[in-house]
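See structure below.
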Protein chains: 2
Amino acid sequence: MAKSIAGPEIERLIQLLAKLPGLGPRSARRAALHLVKRREQLLAPLTAAMGEALEKVAICSVCGNIDSRDPCTICCDPARDQSTVVVVEDVSDLWALERAKALNAAYHVLGGVLSPLEGIGPEDLTIRQLIDRIHRGGVRELVLAVNATVEGQTTAHYIMDQLDGLDVKVTRLAHGVPVGGELDYLDEGTLAAAMRSRTAL
Amino acid sequence: MAKSIAGPEIERLIQLLAKLPGLGPRSARRAALHLVKRREQLLAPLTAAMGEALEKVAICSVCGNIDSRDPCTICCDPARDQSTVVVVEDVSDLWALERAKALNAAYHVLGGVLSPLEGIGPEDLTIRQLIDRIHRGGVRELVLAVNATVEGQTTAHYIMDQLDGLDVKVTRLAHGVPVGGELDYLDEGTLAAAMRSRTAL
């Protein structure tokens, strides 16, 4: 439709914006209009920021994090415990753990989880690179911070199997009641796990 | 936080993406990650599309529409009834009417509605330009397609007052039951209006 209204440039902008997560065709239209109306305040700086990201941002060859340097800032940080590697599914999980200041350690981004149904096997993830990294030495603890889903747990077990014979301690995140969570709204599995792992007050 | 994780480039991209309507800080982070991961498929083409919009897209000096030509495609279209001008608050309303193929006519974008509370007066809208446009001649009907809100109706009345003595027919959109709408969910004002304007079957 808009081909005859606002020209192919806007139409293309809308189509591409609609590919962003959280934006559908309708909100992409609103976003495009918002951008075009705020030419100097938003469209120009966002175009520049994206151009800069396009030019500079790369994937860390050590851990899979996204950064403007390779190896990334985290992998190069001497103030971090590089002997503890937190294994996550995705960069977004790495960011979430960093926001929580969960552990001052290094990371390894798997790039997904094993999923036979979706045809994702070990070779589609960075499991080989993780094992190689441990073989190179210096890694004492591996924290498997994968999601508590079936696929996440399957992936964790697969990694455990691959570690056979390697001298590395493997841990996982604790299960329990989320801080601020109400018992009444929690599933039984979480409640049972929280009870099993109860701590002294 | 992310300053130490993903570098200032990503941080700036997230900040700017969060200014788009429909994206909050959290979804802006997801969008930035999505973009960086899909460098060639999305980040590069979107950057190019935004650069093109930045370069080409302008506001039509006749009607206020957004297009890559000025006067816009609609204003230049000889197949349209240029003697009928649909007055809308915003370009998004123009697009909505065009998608609905509501009327093959010209438009006039007010750029908002009168709102004493928000300090928006007639001089902040394009009412003067609308009156000038009618003075130049050729406009036979003005369809006041403003929103059915208090501000929209106030703006419509203000425009009516300004048209005093000008030979132009003024109409407004019909009130009634939305197509597919359920009576039980409609407000009383709409139902009463729909009943008053009932049509023969």
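Chain identifiers are assigned as A, B, and so on, following the order in which chains appear in the structure tokens; residues are numbered from 1 within each chain, and ligands are numbered from 1 in order of appearance.
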Just need the residues of chain A within 7 Å of chain B, counting only C-alpha atoms, so spit them out as a PyMOL selection string.
-> chain A and resi 1+4-7+9-10+12-13+16+20-22+27+30-31+39+43-44+46-47+49-54+66-68+73-74+99
May I have the residues from that selection written out with N, CA, C and O atoms, as a CSV table (one decimal), in the first residue's frame?
chain,number,residue,atom,x,y,z
A,1,MET,N,0.8,-1.2,0.0
A,1,MET,CA,0.0,0.0,0.0
A,1,MET,C,0.9,1.3,0.0
A,1,MET,O,0.8,2.0,-0.9
A,4,SER,N,2.6,3.9,-2.8
A,4,SER,CA,2.1,5.0,-3.5
A,4,SER,C,2.0,6.2,-2.6
A,4,SER,O,1.6,7.3,-3.0
A,5,ILE,N,2.2,6.0,-1.3
A,5,ILE,CA,2.0,7.1,-0.3
A,5,ILE,C,3.3,7.8,0.0
A,5,ILE,O,3.5,9.0,-0.1
A,6,ALA,N,4.2,7.0,0.5
A,6,ALA,CA,5.4,7.6,1.1
A,6,ALA,C,6.7,7.2,0.4
A,6,ALA,O,7.8,7.5,0.8
A,7,GLY,N,6.6,6.5,-0.7
A,7,GLY,CA,7.7,6.2,-1.5
A,7,GLY,C,8.4,4.9,-1.0
A,7,GLY,O,8.3,4.5,0.1
A,9,GLU,N,11.5,4.3,-0.2
A,9,GLU,CA,12.5,4.4,0.9
A,9,GLU,C,11.8,4.1,2.3
A,9,GLU,O,12.3,3.3,3.0
A,10,ILE,N,10.7,4.7,2.5
A,10,ILE,CA,10.0,4.5,3.8
A,10,ILE,C,9.5,3.1,3.9
A,10,ILE,O,9.6,2.4,4.9
A,12,ARG,N,10.7,0.4,2.6
A,12,ARG,CA,11.8,-0.5,2.8
A,12,ARG,C,12.3,-0.3,4.3
A,12,ARG,O,12.6,-1.3,5.0
A,13,LEU,N,12.3,0.9,4.8
A,13,LEU,CA,12.6,1.1,6.2
A,13,LEU,C,11.6,0.4,7.1
A,13,LEU,O,12.1,-0.3,8.1
A,16,LEU,N,12.3,-3.4,7.1
A,16,LEU,CA,13.4,-3.8,7.9
A,16,LEU,C,13.2,-3.7,9.4
A,16,LEU,O,13.7,-4.5,10.2
A,20,LEU,N,13.0,-6.4,13.6
A,20,LEU,CA,13.5,-6.4,14.9
A,20,LEU,C,12.6,-7.1,15.9
A,20,LEU,O,11.4,-7.0,15.7
A,21,PRO,N,13.2,-7.8,16.9
A,21,PRO,CA,12.3,-8.4,17.9
A,21,PRO,C,11.5,-7.4,18.6
A,21,PRO,O,12.0,-6.3,19.0
A,22,GLY,N,10.3,-7.6,18.8
A,22,GLY,CA,9.4,-6.7,19.6
A,22,GLY,C,8.7,-5.7,18.7
A,22,GLY,O,7.8,-5.0,19.2
A,27,SER,N,3.9,-1.6,14.6
A,27,SER,CA,4.8,-0.8,15.4
A,27,SER,C,6.0,-0.4,14.5
A,27,SER,O,6.6,0.7,14.8
A,30,ARG,N,5.0,2.8,13.0
A,30,ARG,CA,5.1,3.9,14.0
A,30,ARG,C,6.5,4.3,14.2
A,30,ARG,O,6.8,5.5,14.3
A,31,ALA,N,7.4,3.3,14.3
A,31,ALA,CA,8.8,3.6,14.5
A,31,ALA,C,9.4,4.4,13.3
A,31,ALA,O,10.2,5.3,13.5
A,39,ARG,N,14.2,13.6,12.6
A,39,ARG,CA,15.4,13.5,11.7
A,39,ARG,C,16.7,13.7,12.4
A,39,ARG,O,17.6,12.9,12.4
A,43,LEU,N,16.9,10.0,13.9
A,43,LEU,CA,17.3,9.3,12.7
A,43,LEU,C,18.8,9.4,12.4
A,43,LEU,O,19.5,8.4,12.1
A,44,ALA,N,19.3,10.6,12.5
A,44,ALA,CA,20.7,10.8,12.1
A,44,ALA,C,21.7,10.1,13.1
A,44,ALA,O,22.5,9.3,12.8
A,46,LEU,N,21.0,7.6,15.2
A,46,LEU,CA,20.8,6.2,15.2
A,46,LEU,C,21.5,5.6,13.9
A,46,LEU,O,22.1,4.5,14.0
A,47,THR,N,21.4,6.2,12.8
A,47,THR,CA,22.1,5.8,11.6
A,47,THR,C,23.6,5.7,11.8
A,47,THR,O,24.2,4.8,11.5
A,49,ALA,N,25.1,5.5,14.8
A,49,ALA,CA,25.4,4.5,15.8
A,49,ALA,C,25.4,3.1,15.1
A,49,ALA,O,26.3,2.2,15.4
A,50,MET,N,24.5,2.9,14.2
A,50,MET,CA,24.4,1.6,13.5
A,50,MET,C,25.6,1.4,12.6
A,50,MET,O,26.1,0.3,12.5
A,51,GLY,N,26.0,2.5,11.9
A,51,GLY,CA,27.1,2.4,11.1
A,51,GLY,C,28.4,2.1,11.8
A,51,GLY,O,29.2,1.3,11.4
A,52,GLU,N,28.5,2.7,13.0
A,52,GLU,CA,29.7,2.4,13.9
A,52,GLU,C,29.7,1.0,14.4
A,52,GLU,O,30.7,0.3,14.4
A,53,ALA,N,28.5,0.5,14.8
A,53,ALA,CA,28.4,-0.9,15.2
A,53,ALA,C,28.8,-1.8,14.0
A,53,ALA,O,29.5,-2.8,14.2
A,54,LEU,N,28.3,-1.5,12.9
A,54,LEU,CA,28.6,-2.3,11.7
A,54,LEU,C,30.1,-2.4,11.4
A,54,LEU,O,30.6,-3.4,11.0
A,66,ILE,N,30.0,-10.3,22.3
A,66,ILE,CA,30.0,-9.3,21.3
A,66,ILE,C,30.6,-8.1,21.8
A,66,ILE,O,30.3,-7.6,22.9
A,67,ASP,N,31.6,-7.5,21.1
A,67,ASP,CA,32.3,-6.4,21.6
A,67,ASP,C,33.0,-5.6,20.5
A,67,ASP,O,33.0,-6.1,19.3
A,68,SER,N,33.6,-4.5,20.8
A,68,SER,CA,34.3,-3.8,19.7
A,68,SER,C,35.8,-4.1,19.7
A,68,SER,O,36.5,-3.6,18.9
A,73,THR,N,36.5,-7.3,26.0
A,73,THR,CA,36.9,-6.6,27.2
A,73,THR,C,37.0,-7.6,28.4
A,73,THR,O,37.9,-7.5,29.2
A,74,ILE,N,36.0,-8.5,28.5
A,74,ILE,CA,35.9,-9.4,29.6
A,74,ILE,C,37.1,-10.4,29.5
A,74,ILE,O,37.7,-10.7,30.6
A,99,ARG,N,24.7,-7.7,34.4
A,99,ARG,CA,23.9,-6.7,35.0
A,99,ARG,C,23.7,-7.1,36.5
A,99,ARG,O,23.7,-6.2,37.3
Applying 12 Å and only C-alpha atoms, which residues near B:His157 remain after dropping the ones on its own chain fewer than 6 positions away? List them as a PDB file with all heavy atoms, in the first residue's frame.
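Dumped to around_12.pdb:
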ATOM      1  N   VAL B 113      -3.262  18.294  17.552  1.00  0.00           N
ATOM      2  CA  VAL B 113      -4.573  18.877  17.853  1.00  0.00           C
ATOM      3  C   VAL B 113      -4.386  19.995  18.869  1.00  0.00           C
ATOM      4  O   VAL B 113      -3.379  20.025  19.583  1.00  0.00           O
ATOM      5  CB  VAL B 113      -5.552  17.829  18.439  1.00  0.00           C
ATOM      6  CG1 VAL B 113      -6.254  17.074  17.348  1.00  0.00           C
ATOM      7  CG2 VAL B 113      -4.844  16.888  19.388  1.00  0.00           C
ATOM      8  N   LEU B 114      -5.351  20.882  18.902  1.00  0.00           N
ATOM      9  CA  LEU B 114      -5.326  21.962  19.898  1.00  0.00           C
ATOM     10  C   LEU B 114      -5.402  21.348  21.285  1.00  0.00           C
ATOM     11  O   LEU B 114      -6.228  20.474  21.534  1.00  0.00           O
ATOM     12  CB  LEU B 114      -6.530  22.895  19.691  1.00  0.00           C
ATOM     13  CG  LEU B 114      -6.563  23.671  18.373  1.00  0.00           C
ATOM     14  CD1 LEU B 114      -7.863  24.474  18.281  1.00  0.00           C
ATOM     15  CD2 LEU B 114      -5.366  24.587  18.265  1.00  0.00           C
ATOM     16  N   PRO B 122      -3.232  27.165  17.960  1.00  0.00           N
ATOM     17  CA  PRO B 122      -3.411  27.097  16.499  1.00  0.00           C
ATOM     18  C   PRO B 122      -2.110  27.328  15.736  1.00  0.00           C
ATOM     19  O   PRO B 122      -1.894  26.731  14.683  1.00  0.00           O
ATOM     20  CB  PRO B 122      -4.399  28.233  16.220  1.00  0.00           C
ATOM     21  CG  PRO B 122      -5.088  28.482  17.507  1.00  0.00           C
ATOM     22  CD  PRO B 122      -4.118  28.149  18.593  1.00  0.00           C
ATOM     23  N   ILE B 127      -2.953  24.967  10.632  1.00  0.00           N
ATOM     24  CA  ILE B 127      -4.297  25.476  10.310  1.00  0.00           C
ATOM     25  C   ILE B 127      -4.203  26.676   9.363  1.00  0.00           C
ATOM     26  O   ILE B 127      -4.959  26.779   8.398  1.00  0.00           O
ATOM     27  CB  ILE B 127      -5.043  25.841  11.614  1.00  0.00           C
ATOM     28  CG1 ILE B 127      -5.266  24.562  12.438  1.00  0.00           C
ATOM     29  CG2 ILE B 127      -6.364  26.530  11.303  1.00  0.00           C
ATOM     30  CD1 ILE B 127      -5.934  24.773  13.769  1.00  0.00           C
ATOM     31  N   LEU B 144     -13.169  16.647   7.800  1.00  0.00           N
ATOM     32  CA  LEU B 144     -12.410  16.764   9.050  1.00  0.00           C
ATOM     33  C   LEU B 144     -12.293  15.376   9.685  1.00  0.00           C
ATOM     34  O   LEU B 144     -13.151  14.959  10.470  1.00  0.00           O
ATOM     35  CB  LEU B 144     -13.095  17.756   9.986  1.00  0.00           C
ATOM     36  CG  LEU B 144     -13.172  19.199   9.452  1.00  0.00           C
ATOM     37  CD1 LEU B 144     -13.876  20.113  10.453  1.00  0.00           C
ATOM     38  CD2 LEU B 144     -11.780  19.737   9.157  1.00  0.00           C
ATOM     39  N   VAL B 146     -10.440  14.175  12.012  1.00  0.00           N
ATOM     40  CA  VAL B 146      -9.680  14.198  13.268  1.00  0.00           C
ATOM     41  C   VAL B 146     -10.221  13.117  14.189  1.00  0.00           C
ATOM     42  O   VAL B 146     -11.313  12.590  13.968  1.00  0.00           O
ATOM     43  CB  VAL B 146      -9.777  15.591  13.951  1.00  0.00           C
ATOM     44  CG1 VAL B 146      -8.969  16.610  13.178  1.00  0.00           C
ATOM     45  CG2 VAL B 146     -11.212  16.031  14.084  1.00  0.00           C
ATOM     46  N   VAL B 150     -11.925  14.703  22.669  1.00  0.00           N
ATOM     47  CA  VAL B 150     -12.292  16.086  22.997  1.00  0.00           C
ATOM     48  C   VAL B 150     -11.387  17.040  22.232  1.00  0.00           C
ATOM     49  O   VAL B 150     -11.861  17.989  21.588  1.00  0.00           O
ATOM     50  CB  VAL B 150     -12.178  16.337  24.519  1.00  0.00           C
ATOM     51  CG1 VAL B 150     -12.406  17.805  24.827  1.00  0.00           C
ATOM     52  CG2 VAL B 150     -13.173  15.472  25.266  1.00  0.00           C
ATOM     53  N   GLU B 151     -10.067  16.796  22.259  1.00  0.00           N
ATOM     54  CA  GLU B 151      -9.126  17.687  21.562  1.00  0.00           C
ATOM     55  C   GLU B 151      -9.391  17.694  20.060  1.00  0.00           C
ATOM     56  O   GLU B 151      -9.348  18.750  19.422  1.00  0.00           O
ATOM     57  CB  GLU B 151      -7.679  17.251  21.799  1.00  0.00           C
ATOM     58  CG  GLU B 151      -7.138  17.547  23.180  1.00  0.00           C
ATOM     59  CD  GLU B 151      -7.401  16.413  24.152  1.00  0.00           C
ATOM     60  OE1 GLU B 151      -8.090  15.433  23.760  1.00  0.00           O
ATOM     61  OE2 GLU B 151      -6.929  16.489  25.297  1.00  0.00           O
ATOM     62  N   LEU B 163     -13.164  28.951   8.854  1.00  0.00           N
ATOM     63  CA  LEU B 163     -13.623  28.812   7.463  1.00  0.00           C
ATOM     64  C   LEU B 163     -14.760  29.767   7.146  1.00  0.00           C
ATOM     65  O   LEU B 163     -15.249  29.802   6.009  1.00  0.00           O
ATOM     66  CB  LEU B 163     -14.091  27.370   7.218  1.00  0.00           C
ATOM     67  CG  LEU B 163     -13.020  26.293   7.268  1.00  0.00           C
ATOM     68  CD1 LEU B 163     -13.652  24.922   7.182  1.00  0.00           C
ATOM     69  CD2 LEU B 163     -12.029  26.511   6.137  1.00  0.00           C
ATOM     70  N   ASP B 164     -15.201  30.505   8.137  1.00  0.00           N
ATOM     71  CA  ASP B 164     -16.348  31.398   8.012  1.00  0.00           C
ATOM     72  C   ASP B 164     -16.212  32.268   6.760  1.00  0.00           C
ATOM     73  O   ASP B 164     -15.219  32.972   6.579  1.00  0.00           O
ATOM     74  CB  ASP B 164     -16.434  32.279   9.266  1.00  0.00           C
ATOM     75  CG  ASP B 164     -17.852  32.814   9.426  1.00  0.00           C
ATOM     76  OD1 ASP B 164     -18.803  32.093   9.071  1.00  0.00           O
ATOM     77  OD2 ASP B 164     -17.979  33.964   9.873  1.00  0.00           O
ATOM     78  N   VAL B 170     -18.026  21.324   4.404  1.00  0.00           N
ATOM     79  CA  VAL B 170     -17.260  20.668   5.466  1.00  0.00           C
ATOM     80  C   VAL B 170     -18.015  19.421   5.934  1.00  0.00           C
ATOM     81  O   VAL B 170     -19.205  19.494   6.236  1.00  0.00           O
ATOM     82  CB  VAL B 170     -17.014  21.620   6.658  1.00  0.00           C
ATOM     83  CG1 VAL B 170     -16.150  20.945   7.707  1.00  0.00           C
ATOM     84  CG2 VAL B 170     -16.349  22.898   6.188  1.00  0.00           C
ATOM     85  N   THR B 171     -17.302  18.298   5.971  1.00  0.00           N
ATOM     86  CA  THR B 171     -17.925  17.066   6.448  1.00  0.00           C
ATOM     87  C   THR B 171     -17.045  16.450   7.530  1.00  0.00           C
ATOM     88  O   THR B 171     -15.919  16.887   7.757  1.00  0.00           O
ATOM     89  CB  THR B 171     -18.075  16.026   5.302  1.00  0.00           C
ATOM     90  OG1 THR B 171     -16.787  15.824   4.721  1.00  0.00           O
ATOM     91  CG2 THR B 171     -19.038  16.516   4.237  1.00  0.00           C
ATOM     92  N   ARG B 172     -17.571  15.443   8.221  1.00  0.00           N
ATOM     93  CA  ARG B 172     -16.752  14.698   9.187  1.00  0.00           C
ATOM     94  C   ARG B 172     -17.028  13.212   9.005  1.00  0.00           C
ATOM     95  O   ARG B 172     -18.012  12.834   8.364  1.00  0.00           O
ATOM     96  CB  ARG B 172     -17.033  15.148  10.618  1.00  0.00           C
ATOM     97  CG  ARG B 172     -18.441  14.863  11.105  1.00  0.00           C
ATOM     98  CD  ARG B 172     -18.496  14.845  12.629  1.00  0.00           C
ATOM     99  NE  ARG B 172     -19.862  14.625  13.102  1.00  0.00           N
ATOM    100  CZ  ARG B 172     -20.467  13.445  13.152  1.00  0.00           C
ATOM    101  NH1 ARG B 172     -19.846  12.356  12.732  1.00  0.00           N
ATOM    102  NH2 ARG B 172     -21.706  13.320  13.591  1.00  0.00           N
TER     103      ARG B 172
END
Would you return as an MDAnalysis selection string the members of stretch 4-201 of chain B that DSSP assigns to strand (DSSP E or B) on this structure's backbone?
-> chainID B and resid 58:59 66:67 81:88 105:109 115 120 141:144 169:172
Using only C-alpha atoms, which residue out of A:Thr154, A:Ser61, A:His175, A:Thr190 lies closest to A:Pro116?
->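 Comparing A:Thr154, A:Ser61, A:His175, A:Thr190 against A:Pro116, the winner is A:Thr154.
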Length of the atom CA of B:Val86 to atom CA of B:Ala148 vector [Å] |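 Distance reported for this atom pair: 14.9 Å.
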If we count only C-alpha atoms, what is near A:Val177 at a cut-off of 8 Å, once residues fewer than 5 positions away on the same chain are taken out, given as a ChimeraX atom specification?
-> /A:183,186,190-191,194
What does the distance from atom CA of A:Pro25 to atom CA of B:Glu89 come to in Å, to one decimal?
->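 That distance, rounded to one decimal, is 21.3 Å.
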Which residues, written as a PyMOL selection string, have at least one atom at most 10 Å from B:Gln162, with only C-alpha atoms counted and residues fewer than 3 positions away on the same chain left out?
-> chain B and resi 127-128+130-131+157-159+165-166
Residues as selected, N, CA and C atoms, written as a PDB file, in the first residue's frame, can you do that?
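The resulting selection-v5.pdb:
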ATOM      1  N   ILE B 127      -2.953  24.967  10.632  1.00  0.00           N
ATOM      2  CA  ILE B 127      -4.297  25.476  10.310  1.00  0.00           C
ATOM      3  C   ILE B 127      -4.203  26.676   9.363  1.00  0.00           C
ATOM      4  N   ARG B 128      -3.249  27.562   9.618  1.00  0.00           N
ATOM      5  CA  ARG B 128      -3.038  28.724   8.757  1.00  0.00           C
ATOM      6  C   ARG B 128      -2.791  28.271   7.300  1.00  0.00           C
ATOM      7  N   LEU B 130      -3.706  25.544   5.958  1.00  0.00           N
ATOM      8  CA  LEU B 130      -4.938  24.951   5.423  1.00  0.00           C
ATOM      9  C   LEU B 130      -5.852  26.049   4.879  1.00  0.00           C
ATOM     10  N   ILE B 131      -6.017  27.119   5.665  1.00  0.00           N
ATOM     11  CA  ILE B 131      -6.880  28.236   5.246  1.00  0.00           C
ATOM     12  C   ILE B 131      -6.306  28.879   3.970  1.00  0.00           C
ATOM     13  N   HIS B 157     -13.863  22.160  15.527  1.00  0.00           N
ATOM     14  CA  HIS B 157     -14.702  23.363  15.673  1.00  0.00           C
ATOM     15  C   HIS B 157     -13.910  24.632  15.399  1.00  0.00           C
ATOM     16  N   TYR B 158     -12.667  24.646  15.853  1.00  0.00           N
ATOM     17  CA  TYR B 158     -11.827  25.820  15.608  1.00  0.00           C
ATOM     18  C   TYR B 158     -11.629  26.027  14.103  1.00  0.00           C
ATOM     19  N   ILE B 159     -11.392  24.943  13.380  1.00  0.00           N
ATOM     20  CA  ILE B 159     -11.197  25.037  11.929  1.00  0.00           C
ATOM     21  C   ILE B 159     -12.478  25.543  11.265  1.00  0.00           C
ATOM     22  N   GLY B 165     -17.232  32.199   5.891  1.00  0.00           N
ATOM     23  CA  GLY B 165     -17.238  33.038   4.698  1.00  0.00           C
ATOM     24  C   GLY B 165     -16.563  32.389   3.497  1.00  0.00           C
ATOM     25  N   LEU B 166     -15.901  31.247   3.715  1.00  0.00           N
ATOM     26  CA  LEU B 166     -15.248  30.561   2.599  1.00  0.00           C
ATOM     27  C   LEU B 166     -16.230  29.559   1.991  1.00  0.00           C
TER      28      LEU B 166
END
